[in-house]
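Peer 1: Structure: final_3.csv, CSV, C-alpha atoms.
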chain,number,residue,atom,x,y,z
A,273,MET,CA,28.2,-10.5,-30.6
A,274,GLY,CA,27.7,-11.0,-34.3
A,275,LEU,CA,29.4,-7.7,-35.0
A,276,LEU,CA,33.0,-8.9,-35.2
A,277,ASN,CA,32.1,-12.0,-37.2
A,278,ARG,CA,30.8,-9.8,-40.0
A,279,LEU,CA,34.3,-8.4,-40.6
A,280,ASP,CA,35.3,-11.8,-42.0
A,281,ASP,CA,32.0,-12.0,-44.0
A,282,PRO,CA,32.9,-12.1,-47.8
A,283,ILE,CA,29.8,-10.2,-48.8
A,284,GLN,CA,29.5,-7.6,-46.0
A,285,GLY,CA,33.4,-7.4,-45.6
A,286,ASP,CA,35.5,-4.8,-47.3
A,287,GLY,CA,35.9,-2.5,-44.3
A,288,ILE,CA,32.2,-2.0,-44.0
A,289,ILE,CA,30.2,-3.5,-41.2
A,290,LEU,CA,26.5,-3.6,-41.3
A,291,GLY,CA,24.8,-4.2,-38.0
A,292,THR,CA,22.4,-2.8,-35.6
A,293,VAL,CA,23.1,-0.1,-33.0
A,294,GLU,CA,22.0,-2.5,-30.4
A,295,ASP,CA,24.7,-5.0,-31.4
A,296,LEU,CA,27.3,-2.3,-31.2
A,297,LEU,CA,26.2,-1.0,-27.8
A,298,ASN,CA,25.9,-4.5,-26.4
A,299,TRP,CA,29.3,-5.5,-27.8
A,300,GLY,CA,30.9,-2.5,-26.1
A,301,ARG,CA,29.0,-3.1,-22.8
A,302,SER,CA,29.9,-6.8,-22.6
A,303,LYS,CA,33.5,-6.3,-23.4
A,304,SER,CA,34.2,-3.6,-20.9
A,305,ASP,CA,32.3,-4.7,-17.8
A,306,TRP,CA,33.8,-3.0,-14.8
A,307,TYR,CA,33.3,-4.6,-11.5
A,308,LEU,CA,33.3,-3.3,-7.9
A,309,GLN,CA,36.5,-4.1,-6.1
A,310,PHE,CA,34.9,-5.8,-3.2
A,311,GLY,CA,35.6,-9.1,-1.3
A,312,LEU,CA,34.0,-10.7,1.7
A,313,ALA,CA,35.6,-13.9,2.9
A,314,CYS,CA,37.8,-16.8,1.6
A,315,CYS,CA,36.2,-16.6,-1.9
A,316,ALA,CA,37.9,-13.2,-2.1
A,317,ILE,CA,41.3,-14.9,-1.8
A,318,GLU,CA,40.4,-17.0,-4.8
A,319,PHE,CA,39.1,-13.8,-6.5
A,320,MET,CA,42.5,-12.2,-5.9
A,321,ALA,CA,44.1,-15.1,-7.8
A,322,VAL,CA,41.6,-14.4,-10.6
A,323,ASN,CA,42.8,-10.8,-10.7
A,324,ALA,CA,46.5,-11.6,-10.5
A,325,ALA,CA,48.9,-12.2,-13.4
A,326,HIS,CA,48.4,-16.0,-13.7
A,327,PHE,CA,44.7,-15.9,-14.5
A,328,ASP,CA,44.5,-12.2,-15.5
A,329,MET,CA,40.9,-11.2,-15.4
A,330,MET,CA,41.7,-8.0,-17.3
A,331,ARG,CA,41.9,-9.9,-20.5
A,332,PHE,CA,38.1,-10.1,-20.4
A,333,GLY,CA,38.0,-6.3,-20.2
A,334,ALA,CA,37.0,-6.3,-16.6
A,335,ILE,CA,38.6,-3.5,-14.6
A,336,PRO,CA,38.2,-3.1,-10.9
A,337,ARG,CA,36.5,0.1,-9.8
A,338,THR,CA,36.7,1.3,-6.2
A,339,SER,CA,33.4,3.2,-6.3
A,340,PRO,CA,30.1,1.4,-6.8
A,341,ARG,CA,28.9,4.4,-8.9
A,342,GLN,CA,31.4,3.5,-11.7
A,343,ALA,CA,30.8,-0.3,-11.5
A,344,ASP,CA,28.7,-2.3,-13.9
A,345,PHE,CA,28.6,-5.4,-11.8
A,346,ILE,CA,29.3,-6.6,-8.3
A,347,ILE,CA,30.8,-9.9,-7.3
A,348,ILE,CA,29.6,-11.2,-3.9
A,349,SER,CA,32.6,-13.2,-3.1
A,350,GLY,CA,32.1,-14.9,0.3
A,351,THR,CA,30.0,-15.3,3.3
A,352,VAL,CA,27.3,-12.7,3.7
A,353,THR,CA,26.6,-12.1,7.4
A,354,LEU,CA,23.4,-10.4,8.4
A,355,LYS,CA,25.5,-7.4,9.5
A,356,MET,CA,27.0,-7.2,6.1
A,357,ALA,CA,23.7,-7.6,4.3
A,358,ASP,CA,22.7,-4.0,4.8
A,359,ARG,CA,26.0,-2.8,3.5
A,360,ILE,CA,25.8,-4.9,0.4
A,361,LYS,CA,22.3,-3.6,-0.3
A,362,THR,CA,23.7,0.0,0.1
A,363,LEU,CA,26.4,-0.8,-2.4
A,364,TYR,CA,24.0,-2.3,-4.8
A,365,GLU,CA,21.7,0.7,-4.6
A,366,GLN,CA,24.6,3.0,-5.2
A,367,MET,CA,25.4,1.3,-8.5
A,368,SER,CA,23.9,2.9,-11.6
A,369,GLU,CA,21.7,0.8,-14.0
A,370,PRO,CA,22.1,-1.4,-15.8
A,371,ARG,CA,23.7,-3.3,-13.0
A,372,TYR,CA,24.5,-7.0,-12.6
A,373,VAL,CA,25.2,-9.2,-9.7
A,374,MET,CA,27.4,-12.3,-9.6
A,375,SER,CA,27.2,-14.6,-6.6
A,376,MET,CA,30.5,-16.4,-6.1
A,377,GLY,CA,30.8,-19.5,-4.0
A,378,SER,CA,28.4,-21.6,-1.9
A,379,CYS,CA,28.1,-19.1,0.9
A,380,SER,CA,26.6,-16.3,-1.1
A,381,ASN,CA,24.6,-18.8,-3.2
A,382,SER,CA,22.8,-20.5,-0.4
A,383,GLY,CA,24.6,-20.0,3.0
A,384,GLY,CA,27.1,-22.8,2.3
A,385,PRO,CA,28.4,-24.6,5.4
A,386,TYR,CA,26.5,-22.2,7.6
A,387,TRP,CA,23.1,-23.2,6.2
A,388,GLU,CA,22.0,-24.9,9.4
A,389,HIS,CA,23.7,-23.4,12.4
A,390,GLY,CA,24.8,-20.1,11.1
A,391,TYR,CA,22.5,-17.8,13.1
A,392,HIS,CA,24.4,-14.8,11.8
A,393,VAL,CA,24.7,-15.7,8.1
A,394,LEU,CA,22.3,-14.7,5.3
A,395,LYS,CA,21.3,-17.9,3.5
A,396,GLY,CA,21.8,-16.8,0.0
A,397,VAL,CA,22.5,-13.2,-1.2
A,398,ASP,CA,19.5,-13.5,-3.5
A,399,ARG,CA,17.3,-12.9,-0.5
A,400,ILE,CA,18.3,-9.2,-0.5
A,401,ILE,CA,19.4,-8.4,-4.1
A,402,PRO,CA,18.6,-10.0,-7.5
A,403,VAL,CA,21.4,-12.3,-8.7
A,404,ASP,CA,22.2,-12.8,-12.4
A,405,VAL,CA,24.9,-15.5,-12.3
A,406,TYR,CA,25.6,-18.1,-9.7
A,407,VAL,CA,29.1,-19.6,-9.5
A,408,PRO,CA,29.2,-22.8,-7.5
A,409,GLY,CA,32.2,-24.0,-5.5
A,410,CYS,CA,33.7,-23.6,-2.1
A,411,PRO,CA,35.6,-21.6,-3.2
A,412,PRO,CA,35.2,-21.8,-7.0
A,413,ARG,CA,38.3,-22.3,-9.1
A,414,PRO,CA,39.3,-19.3,-11.2
A,415,GLU,CA,38.2,-21.3,-14.3
A,416,ALA,CA,34.7,-21.7,-12.8
A,417,PHE,CA,34.7,-18.0,-12.1
A,418,PHE,CA,35.6,-17.2,-15.7
A,419,ASP,CA,32.8,-19.5,-16.9
A,420,GLY,CA,30.4,-17.4,-14.8
A,421,LEU,CA,32.0,-14.2,-16.2
A,422,VAL,CA,31.6,-15.4,-19.8
A,423,LYS,CA,28.0,-16.3,-19.1
A,424,LEU,CA,27.4,-12.8,-17.7
A,425,GLN,CA,29.0,-11.3,-20.8
A,426,LYS,CA,26.9,-13.4,-23.0
A,427,MET,CA,23.8,-12.3,-21.1
A,428,ILE,CA,24.8,-8.6,-21.5
A,429,SER,CA,25.5,-9.0,-25.2
A,430,THR,CA,22.2,-10.5,-26.0
A,431,GLN,CA,20.2,-8.1,-24.0
A,432,ALA,CA,17.5,-6.2,-25.8
A,433,ILE,CA,17.7,-2.4,-25.8
A,434,PHE,CA,15.6,-1.4,-28.8
A,435,ARG,CA,14.5,-4.7,-30.1
A,436,LYS,CA,10.8,-5.6,-30.0
A,437,ARG,CA,9.8,-8.7,-28.1
A,438,GLU,CA,8.3,-10.4,-31.1
A,439,LYS,CA,11.7,-10.5,-32.7
A,440,MET,CA,13.4,-12.2,-29.8
A,441,SER,CA,14.2,-15.9,-29.6
A,442,LYS,CA,12.5,-18.0,-27.1
A,443,GLU,CA,15.6,-18.3,-24.8
A,444,GLU,CA,16.3,-14.6,-24.9
A,445,LEU,CA,12.7,-13.9,-24.0
A,446,GLU,CA,12.8,-16.3,-21.1
A,447,ALA,CA,16.0,-14.8,-19.8
A,448,LEU,CA,14.6,-11.3,-20.1
A,449,GLU,CA,11.4,-12.3,-18.3
A,450,LEU,CA,13.3,-13.9,-15.4
A,451,ARG,CA,15.6,-10.9,-15.0
A,452,ASN,CA,12.6,-8.5,-15.0
A,453,LYS,CA,10.8,-10.6,-12.5
A,454,LYS,CA,13.8,-10.6,-10.1
A,455,ILE,CA,14.2,-6.8,-10.4
A,456,LYS,CA,10.5,-6.3,-9.9
A,457,GLU,CA,10.6,-8.4,-6.8
A,458,TYR,CA,13.5,-6.5,-5.5
A,459,ASN,CA,11.8,-3.1,-6.1
A,460,GLU,CA,8.7,-4.3,-4.3
A,461,ARG,CA,10.6,-5.6,-1.4
A,462,VAL,CA,12.5,-2.3,-1.0
A,463,LYS,CA,9.2,-0.4,-1.2
A,464,LYS,CA,7.7,-2.6,1.5
A,465,GLU,CA,10.7,-2.2,3.8
A,466,LEU,CA,10.6,1.6,3.3
A,467,GLU,CA,6.9,1.6,4.3
A,468,GLU,CA,7.7,-0.6,7.3
A,469,PHE,CA,10.7,1.3,8.6
A,470,GLY,CA,9.6,4.7,7.4
A,471,THR,CA,13.1,6.1,6.7
A,472,GLN,CA,15.2,6.9,3.7
A,473,PRO,CA,17.3,3.8,2.7
A,474,ASN,CA,20.5,5.7,3.0
A,475,ASP,CA,19.8,6.7,6.6
A,476,ARG,CA,19.0,3.1,7.5
A,477,TYR,CA,21.9,1.5,5.9
A,478,SER,CA,24.7,4.0,6.6
A,479,GLY,CA,25.4,2.6,10.1
A,480,TYR,CA,24.2,3.2,13.6
A,481,SER,CA,23.7,6.5,15.3
A,482,LEU,CA,25.6,7.3,18.5
A,483,ASP,CA,22.2,7.6,20.3
A,484,PHE,CA,21.7,3.9,19.9
A,485,ILE,CA,25.1,3.1,21.5
A,486,LYS,CA,24.3,5.5,24.4
A,487,LYS,CA,21.0,3.7,24.9
A,488,GLU,CA,22.8,0.4,25.0
A,489,GLU,CA,25.3,1.6,27.6
A,490,LYS,CA,22.5,2.3,30.0
B,1196,MET,CA,57.7,-20.3,38.4
B,1197,THR,CA,55.5,-23.4,38.4
B,1198,ALA,CA,51.7,-23.2,38.9
B,1199,THR,CA,52.0,-24.4,42.5
B,1200,GLU,CA,54.5,-21.7,43.4
B,1201,ILE,CA,52.3,-19.0,41.8
B,1202,TYR,CA,49.3,-20.4,43.7
B,1203,ASP,CA,51.1,-20.4,47.1
B,1204,LYS,CA,52.3,-16.8,46.5
B,1205,LEU,CA,48.8,-15.7,45.7
B,1206,LYS,CA,47.4,-17.6,48.6
B,1207,ASN,CA,49.7,-15.7,51.0
B,1208,GLU,CA,48.7,-12.4,49.5
B,1209,PHE,CA,44.9,-12.8,49.0
B,1210,ALA,CA,44.1,-15.7,51.4
B,1211,ASN,CA,40.5,-16.8,51.0
B,1212,ASP,CA,39.9,-15.1,47.7
B,1213,ILE,CA,42.1,-17.7,46.0
B,1214,ILE,CA,39.8,-20.7,45.9
B,1215,SER,CA,41.6,-23.7,44.4
B,1216,LEU,CA,44.3,-24.9,42.0
B,1217,THR,CA,43.6,-27.6,39.5
B,1218,GLU,CA,46.4,-29.5,37.8
B,1219,GLU,CA,45.4,-32.2,35.4
B,1220,ALA,CA,47.1,-34.0,32.5
B,1221,ASN,CA,46.9,-32.2,29.1
B,1222,VAL,CA,45.2,-29.2,30.6
B,1223,ASP,CA,46.9,-25.9,31.6
B,1224,PRO,CA,46.9,-25.7,35.4
B,1225,PHE,CA,44.3,-23.1,36.5
B,1226,ILE,CA,43.5,-21.2,39.6
B,1227,LEU,CA,39.9,-20.5,40.6
B,1228,VAL,CA,39.6,-17.1,42.2
B,1229,ASN,CA,36.9,-14.9,43.8
B,1230,SER,CA,35.3,-12.8,41.1
B,1231,SER,CA,35.1,-9.7,43.3
B,1232,ARG,CA,38.9,-9.2,43.6
B,1233,ILE,CA,39.9,-10.2,40.0
B,1234,THR,CA,41.3,-6.8,39.2
B,1235,GLU,CA,43.5,-6.6,42.2
B,1236,ILE,CA,44.8,-10.1,41.7
B,1237,CYS,CA,45.6,-9.4,38.0
B,1238,LEU,CA,47.3,-6.1,39.0
B,1239,TYR,CA,49.4,-8.0,41.6
B,1240,LEU,CA,50.3,-10.7,39.0
B,1241,ARG,CA,51.4,-8.1,36.5
B,1242,ASP,CA,53.4,-5.9,38.8
B,1243,GLU,CA,55.1,-8.3,41.2
B,1244,ALA,CA,58.7,-8.7,40.1
B,1245,ASP,CA,58.9,-12.5,40.1
B,1246,MET,CA,55.5,-13.0,38.5
B,1247,ASN,CA,55.6,-10.2,35.8
B,1248,PHE,CA,52.6,-11.4,33.8
B,1249,ASP,CA,52.9,-8.7,31.1
B,1250,TYR,CA,50.8,-10.4,28.5
B,1251,LEU,CA,47.1,-11.4,28.5
B,1252,VAL,CA,47.0,-14.1,25.9
B,1253,ASN,CA,43.3,-14.6,25.9
B,1254,LEU,CA,40.2,-13.7,27.8
B,1255,SER,CA,37.1,-15.8,27.1
B,1256,GLY,CA,33.7,-16.6,28.5
B,1257,VAL,CA,32.2,-20.1,29.0
B,1258,ASP,CA,28.6,-21.1,29.6
B,1259,TYR,CA,28.5,-24.1,31.9
B,1260,LYS,CA,24.7,-23.8,32.4
B,1261,THR,CA,25.1,-23.9,36.2
B,1262,ASN,CA,27.3,-20.8,36.0
B,1263,PHE,CA,29.2,-18.5,33.7
B,1264,THR,CA,33.0,-18.6,33.8
B,1265,VAL,CA,35.5,-16.1,32.6
B,1266,VAL,CA,39.0,-17.6,31.7
B,1267,TYR,CA,42.1,-15.5,31.7
B,1268,HIS,CA,45.2,-16.9,30.1
B,1269,LEU,CA,48.3,-15.1,31.2
B,1270,TYR,CA,51.9,-15.3,30.0
B,1271,SER,CA,55.1,-13.6,31.1
B,1272,LEU,CA,57.2,-12.8,28.0
B,1273,LYS,CA,60.2,-12.0,30.3
B,1274,LEU,CA,60.1,-15.0,32.7
B,1275,LYS,CA,58.4,-17.4,30.2
B,1276,HIS,CA,55.9,-18.9,32.5
B,1277,ARG,CA,52.1,-19.1,32.2
B,1278,ILE,CA,49.0,-19.4,34.4
B,1279,VAL,CA,45.3,-19.6,33.8
B,1280,LEU,CA,42.8,-17.8,36.1
B,1281,LYS,CA,39.1,-18.6,36.3
B,1282,VAL,CA,36.2,-16.8,37.9
B,1283,GLU,CA,32.7,-18.2,38.3
B,1284,LEU,CA,29.7,-15.9,37.9
B,1285,SER,CA,26.1,-16.2,38.6
B,1286,PRO,CA,23.9,-17.6,35.7
B,1287,GLU,CA,21.2,-15.0,36.1
B,1288,LYS,CA,23.2,-11.8,36.0
B,1289,PRO,CA,26.8,-12.5,35.2
B,1290,SER,CA,29.0,-9.5,35.9
B,1291,VAL,CA,32.7,-9.0,36.9
B,1292,THR,CA,35.0,-6.1,37.2
B,1293,THR,CA,37.1,-5.3,34.2
B,1294,VAL,CA,40.8,-5.9,33.7
B,1295,GLU,CA,40.9,-3.4,30.9
B,1296,LYS,CA,43.0,-1.1,33.1
B,1297,VAL,CA,45.5,-3.8,33.7
B,1298,TRP,CA,46.0,-5.0,30.2
B,1299,LYS,CA,44.7,-2.9,27.3
B,1300,THR,CA,44.2,-6.2,25.3
B,1301,ALA,CA,41.3,-7.0,27.5
B,1302,ASN,CA,39.2,-4.2,26.0
B,1303,TRP,CA,38.1,-6.0,22.9
B,1304,HIS,CA,38.2,-9.5,24.5
B,1305,GLU,CA,35.7,-8.3,27.1
B,1306,ARG,CA,33.5,-6.8,24.5
B,1307,GLU,CA,33.5,-10.1,22.7
B,1308,ALA,CA,32.6,-12.0,25.9
B,1309,TYR,CA,29.8,-9.5,26.4
B,1310,ASP,CA,28.6,-9.9,22.8
B,1311,MET,CA,28.6,-13.7,22.9
B,1312,PHE,CA,27.6,-14.5,26.5
B,1313,GLY,CA,26.1,-11.3,28.0
B,1314,ILE,CA,28.8,-11.1,30.7
B,1315,VAL,CA,28.9,-7.5,31.8
B,1316,PHE,CA,32.4,-6.1,32.7
B,1317,GLU,CA,31.9,-3.3,35.2
B,1318,GLY,CA,34.2,-0.3,34.7
B,1319,HIS,CA,34.8,-1.1,31.0
B,1320,PRO,CA,35.0,2.2,29.0
B,1321,PHE,CA,32.9,1.1,26.1
B,1322,MET,CA,30.8,-2.0,26.9
B,1323,VAL,CA,28.9,-2.6,23.6
B,1324,ARG,CA,28.8,-5.4,21.1
B,1325,ILE,CA,31.8,-5.9,19.0
B,1326,LEU,CA,30.9,-8.6,16.4
B,1327,CYS,CA,27.1,-8.8,16.2
B,1328,PRO,CA,25.1,-5.7,15.0
B,1329,TYR,CA,24.3,-3.3,17.8
B,1330,ASP,CA,20.6,-4.1,17.5
B,1331,TRP,CA,21.1,-7.8,17.8
B,1332,GLU,CA,18.8,-9.5,20.3
B,1333,GLY,CA,20.1,-12.2,22.7
B,1334,PHE,CA,23.6,-13.6,23.2
B,1335,PRO,CA,24.5,-16.3,20.6
B,1336,LEU,CA,26.9,-18.6,22.5
B,1337,ARG,CA,24.6,-19.1,25.5
B,1338,LYS,CA,23.4,-22.6,25.7
B,1339,ASP,CA,19.7,-21.5,25.8
B,1340,TYR,CA,20.0,-19.3,22.8
B,1341,LYS,CA,17.3,-19.5,20.2
B,1342,GLU,CA,18.2,-18.0,16.8
B,1343,PRO,CA,15.8,-15.3,15.6
B,1344,GLU,CA,13.3,-15.9,12.9
B,1345,PHE,CA,13.8,-12.6,11.2
B,1346,TYR,CA,16.5,-9.9,11.4
B,1347,ARG,CA,15.4,-6.5,10.0
B,1348,GLY,CA,12.8,-8.2,7.8
B,1349,ILE,CA,15.3,-10.7,6.4
B,1350,LYS,CA,14.4,-14.4,7.0
B,1351,VAL,CA,17.3,-16.0,9.0
B,1352,ALA,CA,16.5,-19.7,8.7
B,1353,TYR,CA,17.4,-21.7,5.6
Show me this structure written as structure tokens.

Peer 2:
Amino acid sequence: MGLLNRLDDPIQGDGIILGTVEDLLNWGRSKSDWYLQFGLACCAIEFMAVNAAHFDMMRFGAIPRTSPRQADFIIISGTVTLKMADRIKTLYEQMSEPRYVMSMGSCSNSGGPYWEHGYHVLKGVDRIIPVDVYVPGCPPRPEAFFDGLVKLQKMISTQAIFRKREKMSKEELEALELRNKKIKEYNERVKKELEEFGTQPNDRYSGYSLDFIKKEEK
Amino acid sequence: MTATEIYDKLKNEFANDIISLTEEANVDPFILVNSSRITEICLYLRDEADMNFDYLVNLSGVDYKTNFTVVYHLYSLKLKHRIVLKVELSPEKPSVTTVEKVWKTANWHEREAYDMFGIVFEGHPFMVRILCPYDWEGFPLRKDYKEPEFYRGIKVAY
């Protein structure tokens, strides 16, 4: 983040910027975070307003991608049903690293209004994938969404790529530990599920075979 | 046509299979019919010139604990009159013949009733769940439904 500030620096100015490669990479990454064009429920309506001309999400450098393979982060905007949970996991697994997750609205944060009697609703998307930023609201205002987006950009821009841990500030270190812990938990869970179900993840998530439907018909 | 006229006409045609007509304030008048002849009755209502019920507004299931009920809301776009049919099914093994061949609309509605209540519609071309995942256990809108603890290794309760 410090990269642009140095342009105005009287000592380091004069068209020469001194900085680290990490700063440059992180600056580029945080200012062109592409997201997966993906919506689930009524939060997606608010998310459309975020995208449209009035609030104009593109001014933050965020461009919608229709393929998870090109996306840097995914916004879980709406109620995650148990039927959808598998599909979300597939999308997340198809994204290339480093990948980030933004949970938008009460439903994907914690189940929202369905927390007690929603037999079909996943009570928080963080039960299946690691979440980086939670945006509260039902649905959140676009301003709240942008607050979350800026937090995500800040997180990306301070991420350590080459830096040694000793040189990190205490907050940065804590954030890194937390993220690593979440990703580790996710990886362990996926491994355990694979052992339990004994199939490749893509087979399991890509839908249901016709054999199953035939069985049901009988 | 009023509900009473429709009821009388049906009574002439199907006699004992038309059980009763209920007319109460603030409730659509409904006719309780025998579940074994529902397809014929619906076909008659659709094709008879002065009935002409060409539109199935809604088909839904109800769990009354003592029995399962399927409710058919019918409307005639041409003659602008409406009627509600009800059939009562056994609570152990609810099943009724399909009206999918009478109104194509019934296809998804019957699948939904099956998904939520486990009411089997005999003769339906594709009687599988429509909203819940195919491997879902139990029928969620039944009164005695217990929500599962885990679904595919994911904890369901808050």

Peer 1: Please measure the separation of CA of Pro1343 in chain B and CA of Lys1260 in chain B, giving the value in Å to one decimal.

Peer 2: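 Calculated distance between CA of Pro1343 in chain B and CA of Lys1260 in chain B is 20.8 Å.
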
Peer 1: Within 8 Å of (30.2, -10.2, 35.0), in the coordinates the file gives, what residues turn up when you count only C-alpha atoms, written out as a PyMOL selection string?

Peer 2: chain B and resi 1284+1288-1292+1314-1317

Peer 1: Just need the residues of chain A within 6 Å of chain B, counting only C-alpha atoms, so spit them out as a list in words.

Peer 2: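 Taken together, these residues fit the definition: Lys355, Trp387, Tyr391 and Lys395 of chain A.
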
Peer 1: Hey, which of A:Ser304, A:Leu290, A:Val352, A:Leu448 ends up closest to Gly390 in chain A? Count only C-alpha atoms.

Peer 2: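 Checking each candidate against Gly390 in chain A, we get A:Val352 as the closest.
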
Peer 1: If you measure from CA of Ser349 in chain A to CA of Pro385 in chain A, what distance in Å do you get, rounded to one decimal?

Peer 2: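 Spanning CA of Ser349 in chain A to CA of Pro385 in chain A is a straight-line distance of 14.8 Å.
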
Peer 1: Which value, in Å to one decimal, gives the distance between CA of Ala313 in chain A and CA of Ser382 in chain A?

Peer 2: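 Interatomic distance here is 14.8 Å.
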
Peer 1: Can you pull out the residues contacting range 449-452 of chain A? Cut-off 9 Å, using all atoms listed in the file, and skip same-chain residues under 4 positions away; I want them as a compact mmCIF listing (two decimals) with C-alpha atoms, keeping the file's coordinate frame.

Peer 2:
# COMPACT_ATOMS: atom_id res chain seq x y z
CA PRO A 402 18.60 -10.00 -7.50
CA VAL A 403 21.40 -12.30 -8.70
CA ASP A 404 22.20 -12.80 -12.40
CA GLU A 444 16.30 -14.60 -24.90
CA LEU A 445 12.70 -13.90 -24.00
CA LYS A 456 10.50 -6.30 -9.90
CA GLU A 457 10.60 -8.40 -6.80

Peer 1: Leaving out Asn1253 in chain B and any residue of its chain fewer than 6 positions from it, which residues lie within 12 Å of it when counting only C-alpha atoms, given as a VMD selection string?

Peer 2: chain B and resid 1265 to 1270 1277 to 1281 1294 1298 to 1305 1307 to 1308

Peer 1: Would you mind telling me which residue in A:Pro411, A:Cys379, A:Val293, A:Asp344 lies nearest to Phe434 in chain A when using all atoms listed in the file?

Peer 2: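 Closest to Phe434 in chain A, using all atoms listed in the file: A:Val293.
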
Peer 1: Hey, what's within 10 Å of Lys1273 in chain B if we count only C-alpha atoms and toss same-chain stuff fewer than 5 positions away? As a ChimeraX atom specification, please?

Peer 2: /B:1245-1250

Peer 1: Please determine, counting all atoms listed in the file, which residue among A:Ser368, A:Gln309, A:Thr351, A:Thr362 has the shortest atom-to-atom distance to Gly383 in chain A.

Peer 2: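 Nearest to Gly383 in chain A: A:Thr351.
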
Peer 1: Which polymer residues, whether protein, DNA or RNA, lie within 10 Å of the coordinate (28.9, -19.1, -7.1) when you count all atoms listed in the file? List them as a VMD selection string, using the chain letters and numbers from the file.

Peer 2: chain A and resid 315 347 to 350 374 to 382 405 to 412 416 to 417 420

Peer 1: Keeping C-alpha atoms for every residue in the selection just given, could you write it to a file as a compact mmCIF listing (two decimals), keeping the file's coordinate frame?

Peer 2:
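And here is the file that came out, out-v3.txt:
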# COMPACT_ATOMS: atom_id res chain seq x y z
CA CYS A 315 36.20 -16.60 -1.90
CA ILE A 347 30.80 -9.90 -7.30
CA ILE A 348 29.60 -11.20 -3.90
CA SER A 349 32.60 -13.20 -3.10
CA GLY A 350 32.10 -14.90 0.30
CA MET A 374 27.40 -12.30 -9.60
CA SER A 375 27.20 -14.60 -6.60
CA MET A 376 30.50 -16.40 -6.10
CA GLY A 377 30.80 -19.50 -4.00
CA SER A 378 28.40 -21.60 -1.90
CA CYS A 379 28.10 -19.10 0.90
CA SER A 380 26.60 -16.30 -1.10
CA ASN A 381 24.60 -18.80 -3.20
CA SER A 382 22.80 -20.50 -0.40
CA VAL A 405 24.90 -15.50 -12.30
CA TYR A 406 25.60 -18.10 -9.70
CA VAL A 407 29.10 -19.60 -9.50
CA PRO A 408 29.20 -22.80 -7.50
CA GLY A 409 32.20 -24.00 -5.50
CA CYS A 410 33.70 -23.60 -2.10
CA PRO A 411 35.60 -21.60 -3.20
CA PRO A 412 35.20 -21.80 -7.00
CA ALA A 416 34.70 -21.70 -12.80
CA PHE A 417 34.70 -18.00 -12.10
CA GLY A 420 30.40 -17.40 -14.80

Peer 1: Just want the 12 Å neighbourhood of Lys1338 in chain B, counted on all atoms listed in the file, with same-chain residues fewer than 4 positions away dropped. Output as an MDAnalysis selection string.

Peer 2: chainID B and resid 1257:1263 1286 1311:1313 1333:1334 1342
